[in-house]
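Q: Quick one: the structure is below, questions incoming.
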Amino acid sequence: MISDRRSARPAFAVLLCVALLPSCKTMPGSAKTATPPSALESLIPLPEKVEPSGGAFTLAADSRIAIDPATPELEGIGRFLADRLKPATGLQLPVRPAAGAPMRGSILLTTAGADPQLGAEGYVLTVAPDTVSLVAHRPAGLFRGLQTIRQLLPPAIESATLQSGPWTIPAAMITDRPRFVWRGAMLDVARHFFGVAGVKRFIDLLAYYKMNRFHLHLSDDQGWRIAIDAWPRLATVGGSTQIGGGTGPFYFSKADYAEIVAYAGGRYITVVPEIDMPGHTNAALASYAELNCDDVARPLYTGIEVGFSSLCLKKDITLPFVRDVVREISALSPGPYFHVGGDEAASTDAAEYARFMEDVQAIVTAEGKQTIGWEEFATTRMLPTSIVQQWDRGVAQKAVEQGAKVILSPSKKIYLDMKYDATSPLGQDWAGLIEVKDAYDWDPATYVPGVSEADILGVEAPLWTETIETMADIEYMTLPRLAGVGEIGWSPAAARGWDEYKLRLAAHGLRLKAMGVNFYQSPQVPWF
Ligand code: NGO
């Protein structure tokens with residue numbers, strides 16, 4: 001295991017600095033080293049097992065990507081790799097069926113003969129000086145393994161423009177698979193709207209950290225962000241504004257949404273659509289008077305208060321409305337989930353809320369999907385297949401008592417909309433200040449009393465966008481915290497720790513720079 005070598009690194013770095021003075025960049029009190037840790041020593045998320053073997057594979061003009069014959073899916077994965085490598089290297093690697101033993105200079109992607117123990121997303125990557133071989137039981141595992149290959153190349157590989165090599169991949173054998181099945185992030189496109197291009201860039205960041213769930217918060221008080229044929233005013237009226245106002249339209253057409261789903265699917269990421277109800281529904285209540293108990297449409301809302309809106313649960317029209325929405329979105333969503341919100345229903349009668357959440361589960365089930373709800377959902381009667389998304393309300397264990405599973409999104413740890421420190425120009429602070437260390441240095445299995453590892457599907461970091469207006473804002477709040485969340489979800493708990501992680505993250509910053517990501521350069525991390 002590489003962990004033994006890593007733990008020795010700080011002492012080694014100090015020695016190196018003494019030897020190299022005055023070129024050494026060591027600052028008093030910091031662990032900054034003269035040279036970044038090697039690519040093998042700075043992978044994020046940390047793999048299960050890394051065995052360096054000496055030497056390196058070098059990409060060259062005659063390199064090729066070899067795949068199992070007659071596998072269009074693997075061809076897509078091979079093309080993804082070729083496309084990622086092209087801008088910086090200038091190489092257009094061909095993707096070809098492999099015939100027999102891998103040829104010298106080839107990167108082989110294969111599921112043939114893979115160990116089923118690798119599961120849905122595990123892989124074995126063997127880099128030798130003359131070939132690279134990536135083996136997985138399922139194509140998703142190959143895709144996850146490609147992210148490791150990217151991170152083993154020099155950081156400049158992420159540049160959008162031609163860079164000089166050499167493009168080496170250190171020789172090693174890496175065996176890897178995820179700890180949790182659910183590793184995700186949420187983007188709130190309701191408070192501020194972000195179009196298809198922005199959403200794709202966010203999905204690319206998730207993919208880079210081997211994440212597999214993208215939760216899209218599609219409706220809230222301030223906006224309804226997806227076209228629904230049976231209720232067109234939801235988008236045209238409810239999607240006409242956002243926090244702070246502005247000129248819409250601020251919503252996805254069905255084609256836009258399908259494009260997002262396909263883009264995520266190509267990265268082995270499942271889109272989890274959320275329509276928040278019965279609270280957080282002012283945009284719907286502004287679009288259709290009949291959804292209100294008094295038949296009066298509410299004004300559009302561009303502020304940031306929560307808890308003031310509710311669908312009228314006494315009305316006969318409400319469940320058919322929900323059914324139409326769930327049906328139309330589910331038809332466009334190949335994933336098995338539908339998120340119904342259910343948070344902060346402060347303006348809904350408690351008994352009506354409980355009844356409604358039962359009715360909604362029946363509707364979602366009829367569309368062939370599993371229901372997910374925010375933590376408050378756990379206070380109602382849940383189907384055993386339903387899922388609760390914890391966010392520090394103190395009731396998640398009620399889901400476990402009902403035999404349901406939990407996704408952890410603790411607001412005090414991984415709400416990406418929280419400020420890093422008191423000087424952060426963006427974000428909120430109601431759940432606290434969340435520095436990079438705070439977001440990383442906790443363990444899902446011990447975080448919520450009464451919710452243990454077996455009850456937990458995984459982790460998901462929400463980015464609420466009350467204060468987030470641009471792609472640069474998204475990047476600043478998301479990174480580097482998302483990298484840590486990716487590692488919490490993927491890497492074995494016993495192998496990871498902040499003191500070692502921050503050195504890997506410091507080196508990783510060079511990759512984010514090469515990508516042009518506007519990340520927060522935390523003073524906790526000895527960046528290069
Ligand atoms: C809460 C609330 C959201 C806010 C967010 C801001 C949940 C689940 N509901 O989290 O509406 O946008 O905080 O941090």
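Letters A, B, ... mark the chains of the structure tokens in the order given; residue numbers begin at 1 per chain; ligand numbers begin at 1, in order shown.
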I want to know what sits within 7 Å of range 125-141 of chain A, based on only C-alpha atoms, with residues of the same chain fewer than 2 positions away left out; could you give that as a short mmCIF file (atom, residue, chain, number, x, y, z; two decimals) with C-alpha atoms, in the first residue's frame?
A:
data_model
loop_
_atom_site.label_atom_id
_atom_site.label_comp_id
_atom_site.auth_asym_id
_atom_site.auth_seq_id
_atom_site.Cartn_x
_atom_site.Cartn_y
_atom_site.Cartn_z
CA GLY A 55 9.50 3.41 -15.14
CA ALA A 56 6.75 5.08 -17.12
CA PHE A 57 4.55 4.79 -20.19
CA LEU A 74 -16.41 0.87 -24.95
CA ARG A 104 3.23 -1.81 -27.69
CA GLY A 105 2.14 1.79 -27.19
CA SER A 106 -1.52 0.96 -26.65
CA ILE A 107 -3.91 1.82 -23.85
CA LEU A 108 -6.22 -1.17 -23.57
CA LEU A 109 -9.75 -0.76 -22.17
CA THR A 110 -11.42 -4.09 -21.53
CA THR A 111 -14.08 -5.87 -19.51
CA ALA A 114 -12.42 -8.97 -15.20
CA ASP A 115 -12.84 -9.98 -11.58
CA PRO A 116 -16.57 -9.60 -10.70
CA LEU A 118 -14.58 -5.14 -8.91
CA GLY A 119 -18.34 -4.54 -8.91
CA ALA A 120 -20.16 -1.85 -10.85
CA GLU A 121 -17.44 0.81 -10.75
CA GLY A 122 -14.14 -0.80 -9.72
CA TYR A 123 -11.15 -1.22 -12.00
CA PHE A 143 -14.83 5.28 -17.10
CA ARG A 144 -13.83 5.76 -13.46
CA GLY A 145 -10.39 4.33 -14.25
CA PRO A 170 4.16 6.38 -14.04
CA ALA A 171 4.25 2.59 -14.06
CA ALA A 172 2.13 1.04 -11.33
CA MET A 173 -0.73 -1.29 -10.59
CA ILE A 174 -3.81 0.34 -9.10
CA THR A 175 -6.73 -1.65 -7.78
CA TYR A 268 -21.87 7.24 -16.02
#
Q: Can you tell me which residues come within 10 Å of ligand 1 when counting only C-alpha atoms and all ligand atoms, ideally as JSON, numbers by chain?
A: {"A": [188, 190, 191, 217, 220, 221, 276, 279, 280, 304, 305, 306, 307, 341, 342, 343, 344, 345, 373, 374, 375, 376, 389, 390, 391, 392, 393, 409, 410, 411, 412, 415, 416, 417, 418, 427, 428, 429, 430, 431, 462, 463, 464, 465, 466, 467]}
Q: Report the residues of range 204-359 of chain A whose backbone DSSP state falls under helix (DSSP H, G or I), written as a ChimeraX atom specification.
A: /A:204-208,233-236,254-265,282-287,289-291,318-331,350-359
Q: Can you list, as a compact mmCIF listing (two decimals) with C-alpha atoms, in the first residue's frame, all residues belonging to range 324-366 of chain A that DSSP tags as strand (DSSP E)?
A:
# COMPACT_ATOMS: atom_id res chain seq x y z
CA TYR A 337 -35.10 8.16 -8.83
CA PHE A 338 -37.51 11.07 -8.42
CA HIS A 339 -36.77 13.60 -5.67
CA VAL A 340 -39.88 15.22 -4.23
CA GLY A 341 -38.22 17.73 -1.88
Q: Rounded to one decimal place, report the CA of Ala494 in chain A-CA of Val124 in chain A distance in Å.
A: 20.5 Å
Q: Considering only C-alpha atoms, state which residue in the set A:Asp68, A:Glu500, A:Glu358, A:Glu460 is at the smallest distance from Arg213 in chain A.
A: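 Of all the options, A:Glu460 lies closest to Arg213 in chain A.
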Q: Tell me, as a compact mmCIF listing (two decimals) with N, CA and C atoms, in the first residue's frame, which residues lie within 8 Å of Leu505 in chain A, counting only C-alpha atoms; anything in the same chain fewer than 4 positions away does not count.
A:
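New file out.txt:
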# COMPACT_ATOMS: atom_id res chain seq x y z
N SER A 42 -0.55 11.73 -5.54
CA SER A 42 -1.49 12.84 -5.34
C SER A 42 -2.84 12.58 -6.01
N ILE A 44 -6.71 11.96 -6.37
CA ILE A 44 -7.94 12.26 -5.62
C ILE A 44 -9.11 11.77 -6.45
N TYR A 501 -3.94 14.36 3.08
CA TYR A 501 -4.80 14.81 1.96
C TYR A 501 -4.42 16.21 1.49
N GLY A 509 -4.06 21.14 -7.08
CA GLY A 509 -4.39 22.51 -7.49
C GLY A 509 -3.81 22.85 -8.85
N VAL A 525 -4.11 24.99 2.81
CA VAL A 525 -3.49 24.04 1.88
C VAL A 525 -2.18 24.64 1.34
N TRP A 527 -0.44 25.13 -1.32
CA TRP A 527 -0.55 25.06 -2.79
C TRP A 527 0.80 25.22 -3.48
Q: Using only C-alpha atoms, pick whichever of A:Ala264, A:Ile157, A:Leu457, A:Leu205 has the shortest atom-to-atom distance to Ile387 in chain A.
A: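 Of A:Ala264, A:Ile157, A:Leu457, A:Leu205, the one nearest Ile387 in chain A, counting only C-alpha atoms, is A:Leu457.
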Q: Which of these residues is nearest to Pro45 in chain A, using only C-alpha atoms: A:Lys405, A:His215, A:Arg177, A:Lys315?
A: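 Of the candidates, the smallest distance to Pro45 in chain A is held by A:Arg177.
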Q: Range 438-449 of chain A: which residues within 6 Å, counting only C-alpha atoms, same-chain residues fewer than 6 positions away excluded, as a list in words?
A: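 After dropping sequence-adjacent residues, the list is Lys413, Ile414 and Gly484 of chain A.
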Q: If I take CA of Pro102 in chain A and CA of Leu59 in chain A, how far is one from the other in Å, to one decimal?
A: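 A separation of 15.0 Å between them.
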